[in-house]
>>> print(open('structure02.cif').read())   # mmCIF, C-alpha atoms and all ligand atoms
data_protein
loop_
_atom_site.label_atom_id
_atom_site.label_comp_id
_atom_site.auth_asym_id
_atom_site.auth_seq_id
_atom_site.Cartn_x
_atom_site.Cartn_y
_atom_site.Cartn_z
CA MET A 12 135.73 124.94 64.47
CA ALA A 13 136.23 121.22 64.07
CA PHE A 14 133.64 119.20 65.93
CA TYR A 15 134.27 115.56 66.31
CA VAL A 16 133.84 112.55 68.51
CA SER A 17 137.28 111.65 69.75
CA ASP A 18 136.87 107.90 69.69
CA ALA A 19 135.17 107.65 66.34
CA ASP A 20 137.94 107.81 63.77
CA LYS A 21 135.60 107.95 60.82
CA ILE A 22 134.18 111.25 61.74
CA GLN A 23 137.13 113.15 63.05
CA ASN A 24 138.15 116.49 61.64
CA HIS A 25 135.11 117.45 59.72
CA LYS A 26 132.56 120.06 60.49
CA SER A 27 130.00 118.84 62.86
CA LEU A 28 126.81 117.40 61.57
CA ILE A 29 125.10 118.14 64.76
CA ALA A 30 126.44 121.67 65.06
CA GLN A 31 124.25 122.26 62.04
CA THR A 32 121.18 121.40 64.03
CA LYS A 33 121.54 124.78 65.72
CA TYR A 34 120.64 126.51 62.50
CA LEU A 35 117.76 124.38 61.42
CA GLY A 36 114.57 126.12 60.43
CA ARG A 37 111.05 124.88 60.99
CA GLY A 38 110.05 123.79 57.50
CA ARG A 39 109.81 120.33 56.00
CA TYR A 40 113.07 118.85 54.80
CA THR A 41 113.39 116.95 51.59
CA LYS A 42 115.52 113.85 51.25
CA GLY A 43 118.07 115.89 49.28
CA GLU A 44 118.26 118.57 51.98
CA ILE A 45 118.82 115.96 54.66
CA LYS A 46 121.70 114.54 52.64
CA ARG A 47 123.13 118.03 52.07
CA LEU A 48 122.91 118.90 55.79
CA GLY A 49 124.59 115.59 56.57
CA LYS A 50 127.50 116.53 54.27
CA GLY A 51 127.77 112.96 53.09
CA LYS A 52 128.43 111.73 56.62
CA ILE A 53 125.06 110.10 57.21
CA LEU A 54 125.83 106.41 57.20
CA ALA A 55 122.23 105.35 57.89
CA GLN A 56 120.49 103.68 54.97
CA THR A 57 117.61 105.35 53.17
CA PHE A 58 114.48 103.27 52.71
CA THR A 59 111.59 103.81 50.35
CA PHE A 60 108.11 104.02 51.82
CA ARG A 61 107.23 100.91 49.84
CA GLU A 62 110.06 98.92 51.41
CA LEU A 63 108.86 99.87 54.89
CA CYS A 64 105.24 99.03 54.02
CA VAL A 65 106.43 95.54 53.13
CA ALA A 66 108.62 95.31 56.24
CA THR A 67 105.77 96.24 58.59
CA ASN A 68 103.03 94.37 56.74
CA ASN A 69 101.43 97.72 55.83
CA PHE A 70 101.98 99.16 59.29
CA ASN A 71 99.82 96.40 60.64
CA TYR A 72 98.36 96.78 64.11
CA GLN A 73 99.77 93.35 64.99
CA ASN A 74 103.28 94.72 64.48
CA LEU A 75 102.66 97.67 66.82
CA LEU A 76 105.30 97.92 69.56
CA GLY A 77 104.15 101.15 71.14
CA GLU A 78 103.11 104.72 70.59
CA GLY A 79 104.68 108.00 71.68
CA GLY A 80 104.19 111.71 71.18
CA PHE A 81 105.50 111.67 67.61
CA GLY A 82 103.85 108.56 66.27
CA ARG A 83 103.65 104.78 66.34
CA VAL A 84 106.47 102.25 66.51
CA TYR A 85 106.21 98.94 64.59
CA LYS A 86 108.27 95.79 64.48
CA ALA A 87 109.62 95.38 60.96
CA PHE A 88 111.54 92.75 59.04
CA ILE A 89 113.88 94.15 56.40
CA ARG A 90 114.09 91.43 53.75
CA THR A 91 117.24 92.61 51.98
CA THR A 92 119.35 92.48 55.14
CA LYS A 93 117.22 89.93 57.03
CA GLN A 94 117.23 92.31 59.95
CA ILE A 95 114.52 92.77 62.55
CA THR A 96 114.05 96.46 63.24
CA ALA A 97 111.75 98.91 64.99
CA VAL A 98 110.19 101.47 62.70
CA LYS A 99 108.92 104.78 64.08
CA ARG A 100 106.49 106.51 61.77
CA LEU A 101 105.96 110.16 62.49
CA ASP A 102 102.44 111.43 62.07
CA PRO A 103 102.41 112.15 58.32
CA ASN A 104 99.73 114.85 58.68
CA GLY A 105 101.68 117.46 60.52
CA PHE A 106 104.80 119.54 60.48
CA GLN A 107 105.29 118.80 64.15
CA GLY A 108 108.25 116.57 64.62
CA ASP A 109 110.01 117.37 61.35
CA ARG A 110 112.88 119.18 63.03
CA GLU A 111 113.15 116.45 65.65
CA PHE A 112 113.28 113.90 62.83
CA LEU A 113 116.23 115.64 61.24
CA VAL A 114 118.05 116.18 64.55
CA GLU A 115 117.59 112.48 65.30
CA VAL A 116 119.02 111.41 61.92
CA LEU A 117 121.98 113.79 62.21
CA MET A 118 122.72 113.01 65.86
CA LEU A 119 122.49 109.25 65.58
CA SER A 120 124.60 109.28 62.43
CA LEU A 121 127.40 110.94 64.31
CA LEU A 122 127.13 109.46 67.78
CA HIS A 123 127.98 105.82 68.37
CA HIS A 124 128.18 104.07 71.71
CA PRO A 125 127.02 100.69 73.07
CA ASN A 126 124.53 102.53 75.29
CA LEU A 127 122.91 104.56 72.51
CA VAL A 128 120.36 102.96 70.23
CA ASN A 129 121.56 102.38 66.68
CA LEU A 130 119.79 104.06 63.78
CA VAL A 131 119.64 101.63 60.87
CA GLY A 132 118.11 104.07 58.44
CA TYR A 133 115.29 106.43 57.61
CA CYS A 134 112.67 107.24 55.01
CA ALA A 135 111.87 110.79 53.91
CA ASP A 136 109.81 109.99 50.80
CA ALA A 137 107.35 112.80 50.06
CA ASN A 138 105.69 113.67 53.38
CA GLN A 139 106.67 110.42 55.11
CA ARG A 140 109.10 110.71 58.04
CA ILE A 141 110.11 107.27 59.28
CA LEU A 142 113.04 106.21 61.46
CA VAL A 143 114.37 102.65 61.41
CA TYR A 144 116.17 101.50 64.56
CA GLU A 145 117.78 98.33 65.77
CA PHE A 146 115.06 96.26 67.46
CA MET A 147 115.31 96.14 71.24
CA PRO A 148 113.62 92.85 72.25
CA ASN A 149 112.99 93.80 75.87
CA GLY A 150 111.20 97.05 75.03
CA SER A 151 111.37 100.07 77.26
CA LEU A 152 112.35 100.37 80.90
CA GLU A 153 108.98 102.03 81.45
CA ASP A 154 107.18 98.83 80.42
CA HIS A 155 109.22 96.78 82.88
CA LEU A 156 108.88 99.13 85.82
CA PHE A 157 105.26 100.18 85.40
CA GLY A 158 103.85 97.88 82.70
CA SER A 159 100.10 97.39 82.81
CA THR A 160 100.44 93.63 82.34
CA PRO A 161 102.92 92.65 85.01
CA SER A 162 102.26 88.95 84.47
CA ASN A 163 103.97 89.19 81.06
CA LYS A 164 107.06 90.74 82.47
CA PRO A 165 108.45 89.54 85.79
CA PRO A 166 109.76 92.35 87.98
CA LEU A 167 113.36 93.33 87.35
CA ASP A 168 115.70 92.06 90.04
CA TRP A 169 118.09 94.38 91.87
CA ASN A 170 121.21 93.50 89.86
CA THR A 171 119.42 93.99 86.55
CA ARG A 172 118.18 97.38 87.75
CA MET A 173 121.72 98.41 88.66
CA LYS A 174 123.03 97.13 85.32
CA ILE A 175 120.49 99.32 83.54
CA VAL A 176 121.40 102.35 85.64
CA GLU A 177 125.09 101.88 84.95
CA GLY A 178 124.46 101.46 81.21
CA VAL A 179 122.45 104.66 80.85
CA ALA A 180 124.93 106.57 83.01
CA ARG A 181 127.67 105.46 80.58
CA GLY A 182 125.55 106.58 77.64
CA LEU A 183 125.17 110.02 79.23
CA GLU A 184 128.87 110.13 80.10
CA TYR A 185 129.67 109.58 76.43
CA LEU A 186 127.38 112.46 75.41
CA HIS A 187 128.66 114.83 78.09
CA ASP A 188 132.37 114.02 78.13
CA THR A 189 133.49 112.18 75.01
CA VAL A 190 131.86 114.32 72.38
CA LYS A 191 134.19 117.27 71.74
CA PRO A 192 134.50 120.18 71.95
CA ALA A 193 131.01 120.70 73.39
CA PRO A 194 128.83 118.23 75.20
CA VAL A 195 125.55 116.95 73.83
CA ILE A 196 122.71 117.52 76.27
CA TYR A 197 120.20 114.72 75.87
CA ARG A 198 117.25 116.63 77.35
CA ASP A 199 114.68 113.85 77.31
CA PHE A 200 116.03 111.35 79.83
CA LYS A 201 113.05 109.27 80.99
CA ALA A 202 112.09 105.63 81.50
CA SER A 203 110.27 105.30 78.16
CA ASN A 204 113.37 106.43 76.27
CA ILE A 205 115.55 103.73 77.80
CA LEU A 206 115.39 100.59 75.68
CA LEU A 207 116.58 97.11 76.64
CA ASP A 208 118.18 94.41 74.52
CA GLU A 209 117.85 90.66 75.11
CA GLU A 210 120.45 90.79 77.90
CA PHE A 211 118.98 93.91 79.49
CA ASN A 212 121.76 96.14 78.24
CA ALA A 213 120.26 99.60 78.27
CA LYS A 214 120.37 102.08 75.39
CA LEU A 215 119.23 105.68 75.17
CA SER A 216 116.80 106.42 72.35
CA ASP A 217 115.06 109.53 70.98
CA PHE A 218 117.59 112.22 70.22
CA GLY A 219 115.13 114.59 68.58
CA LEU A 220 115.36 117.02 71.49
CA ALA A 221 119.11 116.68 72.05
CA LYS A 222 121.01 119.94 72.10
CA ILE A 223 124.62 121.01 71.71
CA GLY A 224 125.80 122.18 75.10
CA PRO A 225 127.71 125.29 76.11
CA ILE A 226 131.18 125.84 74.66
CA GLY A 227 134.17 127.18 76.63
CA ASP A 228 133.58 128.44 80.14
CA LYS A 229 129.84 128.94 79.73
CA SER A 230 127.83 126.86 82.18
CA HIS A 231 124.58 126.58 80.26
CA VAL A 232 122.68 127.38 77.09
CA SER A 233 119.39 129.23 77.26
CA THR A 234 116.67 127.58 75.29
CA ARG A 235 112.98 126.84 74.99
CA VAL A 236 111.83 124.48 77.72
CA MET A 237 111.09 121.08 76.22
CA GLY A 238 111.15 117.63 77.67
CA THR A 239 108.81 115.69 79.88
CA TYR A 240 107.08 117.01 82.98
CA GLY A 241 108.47 115.57 86.19
CA TYR A 242 111.87 114.70 84.71
CA CYS A 243 112.94 118.29 83.98
CA ALA A 244 115.46 119.91 86.31
CA PRO A 245 113.91 122.78 88.27
CA GLU A 246 116.24 125.51 86.91
CA TYR A 247 115.59 124.40 83.35
CA ALA A 248 111.83 124.22 83.83
CA LEU A 249 111.76 127.67 85.46
CA THR A 250 114.33 129.65 83.47
CA GLY A 251 115.22 127.64 80.36
CA LYS A 252 118.86 127.34 81.49
CA LEU A 253 119.99 124.02 80.08
CA SER A 254 123.25 122.31 81.05
CA THR A 255 124.63 118.81 81.40
CA LYS A 256 123.50 119.07 85.03
CA SER A 257 119.90 119.18 83.79
CA ASP A 258 120.49 115.69 82.39
CA VAL A 259 122.04 114.63 85.72
CA TYR A 260 118.85 115.72 87.50
CA SER A 261 116.67 113.71 85.08
CA PHE A 262 119.01 110.76 85.54
CA GLY A 263 118.42 111.05 89.32
CA VAL A 264 114.65 110.97 88.74
CA VAL A 265 114.88 107.81 86.62
CA PHE A 266 117.26 106.20 89.12
CA LEU A 267 114.70 106.86 91.87
CA GLU A 268 111.93 105.36 89.68
CA ILE A 269 114.11 102.27 89.21
CA ILE A 270 114.67 101.86 92.96
CA THR A 271 111.12 102.58 94.04
CA GLY A 272 109.11 101.18 91.10
CA ARG A 273 107.06 104.39 91.26
CA ARG A 274 106.43 106.81 88.40
CA VAL A 275 107.74 110.34 88.88
CA ILE A 276 104.19 111.63 88.43
CA ASP A 277 101.38 109.23 89.25
CA THR A 278 97.98 110.82 89.55
CA THR A 279 96.42 107.51 90.61
CA LYS A 280 98.33 107.63 93.91
CA PRO A 281 96.85 109.20 97.05
CA SER A 282 97.65 112.86 97.72
CA GLY A 283 101.17 113.31 99.04
CA GLN A 284 102.38 110.43 96.86
CA LYS A 285 101.53 111.74 93.40
CA ASN A 286 104.93 113.37 92.96
CA LEU A 287 107.76 110.92 93.58
CA ILE A 288 110.34 113.57 94.48
CA SER A 289 108.10 115.19 97.11
CA TRP A 290 107.18 111.76 98.47
CA ALA A 291 110.84 110.78 98.81
CA GLN A 292 112.05 114.04 100.33
CA PRO A 293 111.16 113.30 103.97
CA LEU A 294 112.34 109.70 103.61
CA PHE A 295 115.80 110.85 102.49
CA LYS A 296 116.19 112.61 105.81
CA ASP A 297 116.23 109.45 107.89
CA ARG A 298 118.38 106.48 106.96
CA ARG A 299 116.07 104.13 108.87
CA LYS A 300 113.37 104.93 106.33
CA PHE A 301 115.48 104.11 103.29
CA THR A 302 114.16 100.58 102.98
CA LEU A 303 110.63 102.04 102.73
CA MET A 304 111.71 103.44 99.36
CA ALA A 305 112.66 100.07 97.84
CA ASP A 306 110.18 98.73 95.28
CA PRO A 307 107.87 96.24 97.09
CA LYS A 308 108.16 94.05 93.96
CA LEU A 309 111.77 93.35 94.99
CA GLU A 310 110.29 91.55 98.01
CA GLY A 311 113.29 92.57 100.09
CA ASN A 312 115.76 90.89 97.71
CA TYR A 313 118.44 93.56 97.53
CA PRO A 314 121.63 94.32 99.43
CA VAL A 315 120.65 96.97 101.98
CA LYS A 316 124.01 98.68 101.88
CA ALA A 317 123.82 98.97 98.08
CA LEU A 318 120.34 100.46 98.47
CA TYR A 319 121.75 103.12 100.78
CA GLN A 320 124.55 103.90 98.36
CA ALA A 321 122.24 104.02 95.38
CA LEU A 322 119.91 106.41 97.22
CA ALA A 323 122.87 108.60 98.15
CA VAL A 324 123.71 108.95 94.45
CA VAL A 325 120.06 109.75 93.69
CA ALA A 326 119.97 112.41 96.41
CA MET A 327 123.05 114.12 94.99
CA CYS A 328 121.66 114.12 91.47
CA LEU A 329 118.37 115.64 92.66
CA GLN A 330 119.90 118.65 94.40
CA ASP A 331 118.11 121.89 93.49
CA GLU A 332 121.31 123.77 92.76
CA PRO A 333 122.80 122.43 89.49
CA ASN A 334 126.39 123.14 90.53
CA THR A 335 126.09 120.86 93.52
CA ARG A 336 124.96 117.88 91.45
CA PRO A 337 127.75 115.46 90.54
CA LEU A 338 129.15 115.12 87.05
CA ILE A 339 127.82 112.03 85.29
CA SER A 340 131.41 110.69 85.21
CA ASP A 341 131.43 110.77 89.03
CA VAL A 342 128.13 108.92 89.02
CA VAL A 343 129.61 106.26 86.73
CA THR A 344 132.49 105.82 89.18
CA ALA A 345 130.07 105.46 92.07
CA LEU A 346 128.02 102.90 90.16
CA GLN A 347 131.12 100.86 89.31
CA TYR A 348 131.82 100.72 93.02
CA LEU A 349 128.26 99.54 93.64
CA ALA A 350 128.60 96.88 90.93
CA VAL A 351 131.88 95.55 92.30
CA ASN A 352 130.32 95.20 95.73
CA LYS A 353 126.96 93.95 94.54
CA ASP A 354 127.15 90.59 96.24
CA VAL A 355 128.57 91.87 99.50
CA ASP A 356 125.97 92.93 101.96
CA GLU A 357 127.58 93.73 105.23
CA ASP A 358 125.33 93.93 108.23
CA VAL A 359 123.56 97.22 108.22
CA ASP A 360 121.84 97.96 111.48
CA ASP A 361 118.76 99.86 110.50
CA GLU A 362 117.40 100.34 113.97
CA SER A 363 120.39 101.70 115.81
CA ASP A 364 121.97 103.78 113.07
CA SER A 365 119.85 106.78 112.29
CA GLU A 366 122.42 108.77 110.30
CA SER A 367 121.60 109.71 106.78
CA VAL A 368 123.87 108.34 104.08
CA SER A 369 127.19 110.14 104.20
CA GLY A 370 130.33 110.48 102.14
CA SER A 371 131.74 107.57 104.11
CA GLU A 372 129.56 105.31 101.98
CA PHE A 373 131.81 106.33 99.11
CA SER A 374 135.14 106.53 100.87
CA SER A 375 136.56 103.47 99.19
CA TYR A 376 136.61 104.86 95.68
CA SER A 377 138.03 108.03 94.34
CA CYS A 378 136.29 110.30 91.92
CA SER A 379 137.41 112.25 88.94
CA THR A 380 139.48 115.37 88.98
CA SER A 381 136.47 117.43 88.15
CA PRO A 382 135.84 120.62 90.10
CA ASP A 383 132.70 119.01 91.47
CA ARG A 384 134.34 116.01 92.99
CA ASN A 385 133.77 117.23 96.52
CA TYR A 386 130.19 116.25 96.21
CA ILE A 387 131.21 112.69 96.50
CA GLU A 388 134.68 112.61 97.83
CA GLY A 389 135.32 115.46 100.21
CA LYS A 390 132.12 116.32 101.88
CA ASN A 391 129.22 114.38 103.23
CA VAL A 392 126.44 113.65 100.83
CA ASP A 393 123.65 115.92 101.84
CA VAL A 394 120.62 113.79 102.05
CA GLU A 395 119.69 115.01 105.46
CA GLY A 396 119.25 118.70 104.92
CA ASP A 397 117.28 120.09 102.05
CA GLY A 398 119.45 118.38 99.52
CA ARG A 399 116.71 116.14 98.13
N1 LIG B 1 114.04 100.29 68.95
C1 LIG B 1 112.97 99.81 69.58
N2 LIG B 1 112.84 98.48 69.81
C2 LIG B 1 111.76 97.98 70.44
N3 LIG B 1 110.74 98.75 70.90
C3 LIG B 1 110.79 100.08 70.70
C4 LIG B 1 111.90 100.68 70.03
N4 LIG B 1 111.69 102.03 69.99
C5 LIG B 1 110.52 102.23 70.61
N5 LIG B 1 109.96 101.07 71.04
C6 LIG B 1 108.67 100.90 71.75
O1 LIG B 1 107.78 101.90 71.32
C7 LIG B 1 107.33 102.67 72.44
C8 LIG B 1 107.08 104.10 71.99
O2 LIG B 1 108.30 104.75 71.76
P1 LIG B 1 108.36 106.30 71.47
O3 LIG B 1 109.77 106.72 71.56
O4 LIG B 1 107.65 106.60 70.19
O5 LIG B 1 107.47 106.96 72.59
P2 LIG B 1 107.74 107.29 74.11
O6 LIG B 1 109.20 107.20 74.40
O7 LIG B 1 106.82 106.44 74.92
O8 LIG B 1 107.26 108.78 74.21
P3 LIG B 1 107.94 110.06 73.57
O9 LIG B 1 107.21 110.33 72.29
O10 LIG B 1 107.71 111.13 74.56
O11 LIG B 1 109.39 109.73 73.35
C9 LIG B 1 108.42 102.51 73.47
O12 LIG B 1 107.92 102.71 74.77
C10 LIG B 1 108.86 101.07 73.23
O13 LIG B 1 108.00 100.19 73.93
MG MG B 2 110.65 107.77 73.26
#
>>> encode(input="structure02.cif", output="structure tokens", more="lines below")
Ligand SMILES: Nc1ncnc2c1ncn2[C@@H]1O[C@H](COP(=O)(O)OP(=O)(O)OP(=O)(O)O)[C@@H](O)[C@H]1O
Ligand SMILES: [Mg+2]
Amino acid sequence: MAFYVSDADKIQNHKSLIAQTKYLGRGRYTKGEIKRLGKGKILAQTFTFRELCVATNNFNYQNLLGEGGFGRVYKAFIRTTKQITAVKRLDPNGFQGDREFLVEVLMLSLLHHPNLVNLVGYCADANQRILVYEFMPNGSLEDHLFGSTPSNKPPLDWNTRMKIVEGVARGLEYLHDTVKPAPVIYRDFKASNILLDEEFNAKLSDFGLAKIGPIGDKSHVSTRVMGTYGYCAPEYALTGKLSTKSDVYSFGVVFLEIITGRRVIDTTKPSGQKNLISWAQPLFKDRRKFTLMADPKLEGNYPVKALYQALAVVAMCLQDEPNTRPLISDVVTALQYLAVNKDVDEDVDDESDSESVSGSEFSSYSCSTSPDRNYIEGKNVDVEGDGR
């Protein structure tokens, strides 16, 4: 079956690169095998290890941008193209990560969107596995929300936070809806994988765990549970059932982190506050407590009505039952509405109005024709019952 991205002319009507990732084994891939699996469609450049040694000043500690589960990330200057890049070097001493490396190269060669990070190239010389990305000058969302040196990075203001949320929602919408005929499930949606450019445009990074979603009328694929604790949807964590709605749940978690400035799991917090979702659950039940959820670093500088609406979206995304979560396209619509009204803050009477957020908050926009649209349009948003 043809597998293509409808808005990317270059790659229409050829067999999917990423469909191949389903059949990947666990061994180490040579440069030639990567090219063969890519069927000549990998546009990313190949770099020699020597070139990247020069670009990173021998993987110098001073160039270090950060470190994740698969290895270290360095700032690198590519002389031939005069391009500043970020180079992720996978731990050369292990097989772990080899499959993720290949999935990342194949996925990012095929998928292109302003809210997905761009892969410049890669190096697969001998046992080296190195990914070369566009450099994102403002680092990760995680650094900005929870960075250990807050003095270096002033807190993000409300509008920037909403801009980031809208950007990543659009990135997910592209993966879920634009890629045909099956969606791509991102699977590792978390604050450290959201990178920010100089204007705080947000881009999703790390596609090593991404997975082709169900085809036809199937609602999910069953797979090994991978991802990051705290961000995983409950049904996926418990049963391995993965769907686009698992991404929507993780999106809801990140959105709540962005509003509250709290990590989803924070063992340094007192008991009862270590898990963000459990902490927020009782607060969602009473609209008067919504402002208690806003990040204190905002110092009250946010439109209260927008806060209510944002929390209503979060609550819908965090529902236990995947079918009752909105589609990401509905979320994008809701966020557009929030953006349009970002400067309007009508009087919201916190004291006298004890209702939870309801569908009326969203009555002025209409949602998609998806079967799930009732969650926003027709029925009240359930943030009062157990809808967390
Ligand atoms: N393209 C980039 N531009 C600038 N900084 C980057 C880029 N990619 C990664 N970084 C920095 O490197 C850090 C580590 O990224 P990495 O993806 O390896 O780990 P992580 O996301 O923290 O964890 P995980 O291994 O679970 O994905 C990021 O938090 C970010 O600060
Ligand atoms: Mg990452």
>>> residues_near_ligand(input="structure02.cif", ligand="ligand MG 2 (chain B)", cutoff="6 Å", atoms="all atoms listed in the file", output="JSON, numbers by chain")
{"A": [203, 204, 217]}
>>> closest_atom_pairs(input="structure02.cif", of="chain A", to="ligand LIG 1 (chain B)", cutoff="9 Å", atoms="all atoms listed in the file", output="JSON lines")
{"residue": "A:Leu75", "atom": "CA", "partner": "B:LIG1", "partner_atom": "O1", "distance": 8.0}
{"residue": "A:Leu76", "atom": "CA", "partner": "B:LIG1", "partner_atom": "C6", "distance": 5.0}
{"residue": "A:Gly77", "atom": "CA", "partner": "B:LIG1", "partner_atom": "O1", "distance": 3.7}
{"residue": "A:Glu78", "atom": "CA", "partner": "B:LIG1", "partner_atom": "C8", "distance": 4.3}
{"residue": "A:Gly79", "atom": "CA", "partner": "B:LIG1", "partner_atom": "O5", "distance": 3.1}
{"residue": "A:Gly80", "atom": "CA", "partner": "B:LIG1", "partner_atom": "O9", "distance": 3.5}
{"residue": "A:Phe81", "atom": "CA", "partner": "B:LIG1", "partner_atom": "O9", "distance": 5.2}
{"residue": "A:Gly82", "atom": "CA", "partner": "B:LIG1", "partner_atom": "O4", "distance": 5.8}
{"residue": "A:Arg83", "atom": "CA", "partner": "B:LIG1", "partner_atom": "O4", "distance": 5.8}
{"residue": "A:Val84", "atom": "CA", "partner": "B:LIG1", "partner_atom": "O1", "distance": 5.0}
{"residue": "A:Tyr85", "atom": "CA", "partner": "B:LIG1", "partner_atom": "O1", "distance": 7.5}
{"residue": "A:Lys86", "atom": "CA", "partner": "B:LIG1", "partner_atom": "C2", "distance": 7.2}
{"residue": "A:Thr96", "atom": "CA", "partner": "B:LIG1", "partner_atom": "N1", "distance": 6.9}
{"residue": "A:Ala97", "atom": "CA", "partner": "B:LIG1", "partner_atom": "N1", "distance": 4.8}
{"residue": "A:Val98", "atom": "CA", "partner": "B:LIG1", "partner_atom": "N1", "distance": 7.4}
{"residue": "A:Lys99", "atom": "CA", "partner": "B:LIG1", "partner_atom": "O4", "distance": 6.5}
{"residue": "A:Arg100", "atom": "CA", "partner": "B:LIG1", "partner_atom": "O4", "distance": 8.5}
{"residue": "A:Leu101", "atom": "CA", "partner": "B:LIG1", "partner_atom": "O4", "distance": 8.6}
{"residue": "A:Val128", "atom": "CA", "partner": "B:LIG1", "partner_atom": "N1", "distance": 7.0}
{"residue": "A:Asn129", "atom": "CA", "partner": "B:LIG1", "partner_atom": "N1", "distance": 8.1}
{"residue": "A:Leu130", "atom": "CA", "partner": "B:LIG1", "partner_atom": "N1", "distance": 8.6}
{"residue": "A:Val143", "atom": "CA", "partner": "B:LIG1", "partner_atom": "N1", "distance": 7.9}
{"residue": "A:Tyr144", "atom": "CA", "partner": "B:LIG1", "partner_atom": "N1", "distance": 5.0}
{"residue": "A:Glu145", "atom": "CA", "partner": "B:LIG1", "partner_atom": "N1", "distance": 5.3}
{"residue": "A:Phe146", "atom": "CA", "partner": "B:LIG1", "partner_atom": "N2", "distance": 3.9}
{"residue": "A:Met147", "atom": "CA", "partner": "B:LIG1", "partner_atom": "N2", "distance": 3.7}
{"residue": "A:Pro148", "atom": "CA", "partner": "B:LIG1", "partner_atom": "C2", "distance": 5.7}
{"residue": "A:Asn149", "atom": "CA", "partner": "B:LIG1", "partner_atom": "C2", "distance": 7.0}
{"residue": "A:Gly150", "atom": "CA", "partner": "B:LIG1", "partner_atom": "N3", "distance": 4.5}
{"residue": "A:Ser151", "atom": "CA", "partner": "B:LIG1", "partner_atom": "O13", "distance": 4.7}
{"residue": "A:Leu152", "atom": "CA", "partner": "B:LIG1", "partner_atom": "O12", "distance": 7.9}
{"residue": "A:Glu153", "atom": "CA", "partner": "B:LIG1", "partner_atom": "O12", "distance": 6.8}
{"residue": "A:Asp154", "atom": "CA", "partner": "B:LIG1", "partner_atom": "O13", "distance": 6.7}
{"residue": "A:Asp199", "atom": "CA", "partner": "B:LIG1", "partner_atom": "O11", "distance": 7.8}
{"residue": "A:Lys201", "atom": "CA", "partner": "B:LIG1", "partner_atom": "O6", "distance": 7.9}
{"residue": "A:Ala202", "atom": "CA", "partner": "B:LIG1", "partner_atom": "O6", "distance": 7.8}
{"residue": "A:Ser203", "atom": "CA", "partner": "B:LIG1", "partner_atom": "O6", "distance": 4.3}
{"residue": "A:Asn204", "atom": "CA", "partner": "B:LIG1", "partner_atom": "O6", "distance": 4.6}
{"residue": "A:Ile205", "atom": "CA", "partner": "B:LIG1", "partner_atom": "O6", "distance": 8.0}
{"residue": "A:Leu206", "atom": "CA", "partner": "B:LIG1", "partner_atom": "C1", "distance": 6.6}
{"residue": "A:Leu207", "atom": "CA", "partner": "B:LIG1", "partner_atom": "C2", "distance": 7.9}
{"residue": "A:Asp208", "atom": "CA", "partner": "B:LIG1", "partner_atom": "N2", "distance": 8.2}
{"residue": "A:Ser216", "atom": "CA", "partner": "B:LIG1", "partner_atom": "O3", "distance": 7.1}
{"residue": "A:Asp217", "atom": "CA", "partner": "B:LIG1", "partner_atom": "O3", "distance": 6.0}
{"residue": "A:Gly219", "atom": "CA", "partner": "B:LIG1", "partner_atom": "O11", "distance": 8.9}
{"residue": "A:Gly238", "atom": "CA", "partner": "B:LIG1", "partner_atom": "O10", "distance": 8.0}
{"residue": "A:Thr239", "atom": "CA", "partner": "B:LIG1", "partner_atom": "O10", "distance": 7.1}
>>> atom_distance(input="structure02.cif", atom1="atom CA of A:Leu122", atom2="atom CA of A:Phe262")
19.6 Å
>>> atom_distance(input="structure02.cif", atom1="atom CA of A:Gln73", atom2="atom CA of A:Glu209")
20.9 Å
>>> closest_residue(input="structure02.cif", among="A:Ala221, A:Met173, A:Cys134, A:Ala323", to="A:Pro194", atoms="all atoms listed in the file")
A:Ala221
>>> atom_distance(input="structure02.cif", atom1="atom CA of A:Asn138", atom2="atom CA of A:Phe88")
22.4 Å
>>> residues_around(input="structure02.cif", residues="A:Arg181", least_positions_apart="3", cutoff="8 Å", atoms="all atoms listed in the file", output="short mmCIF file (atom, residue, chain, number, x, y, z; two decimals) with C-alpha atoms, in the coordinates of the input")
data_model
loop_
_atom_site.label_atom_id
_atom_site.label_comp_id
_atom_site.auth_asym_id
_atom_site.auth_seq_id
_atom_site.Cartn_x
_atom_site.Cartn_y
_atom_site.Cartn_z
CA ASN A 126 124.53 102.53 75.29
CA GLU A 177 125.09 101.88 84.95
CA GLY A 178 124.46 101.46 81.21
CA GLU A 184 128.87 110.13 80.10
CA TYR A 185 129.67 109.58 76.43
CA SER A 340 131.41 110.69 85.21
CA VAL A 343 129.61 106.26 86.73
#
>>> residues_around(input="structure02.cif", residues="stretch 270-274 of chain A", least_positions_apart="6", cutoff="6 Å", atoms="only C-alpha atoms", output="list in words")
Leu156, Met304, Ala305 and Asp306 of chain A
>>> closest_residue(input="structure02.cif", among="A:Gly311, A:Pro245, A:Pro125, A:Pro103", to="A:Val179", atoms="all atoms listed in the file")
A:Pro125
>>> closest_residue(input="structure02.cif", among="A:Ala326, A:Leu220, A:Ala244, A:Leu253", to="A:Val232", atoms="only C-alpha atoms")
A:Leu253
>>> closest_residue(input="structure02.cif", among="A:Gln320, A:Ile89, A:Lys308, A:Val190", to="A:Gln347", atoms="all atoms listed in the file")
A:Gln320
>>> closest_residue(input="structure02.cif", among="A:Ser120, A:Thr91, A:Asn68, A:Thr57", to="A:Arg140", atoms="all atoms listed in the file")
A:Thr57
>>> decode(input="structure02.cif", residues="stretch 130-137 of chain A", atoms="C-alpha atoms", output="CSV table (one decimal), in the first residue's frame")
chain,number,residue,atom,x,y,z
A,130,LEU,CA,17.3,16.5,11.0
A,131,VAL,CA,20.3,17.9,9.1
A,132,GLY,CA,22.2,14.6,8.9
A,133,TYR,CA,23.7,11.6,10.6
A,134,CYS,CA,26.9,9.6,11.0
A,135,ALA,CA,26.9,5.8,11.1
A,136,ASP,CA,30.7,5.3,10.7
A,137,ALA,CA,31.7,2.0,12.2
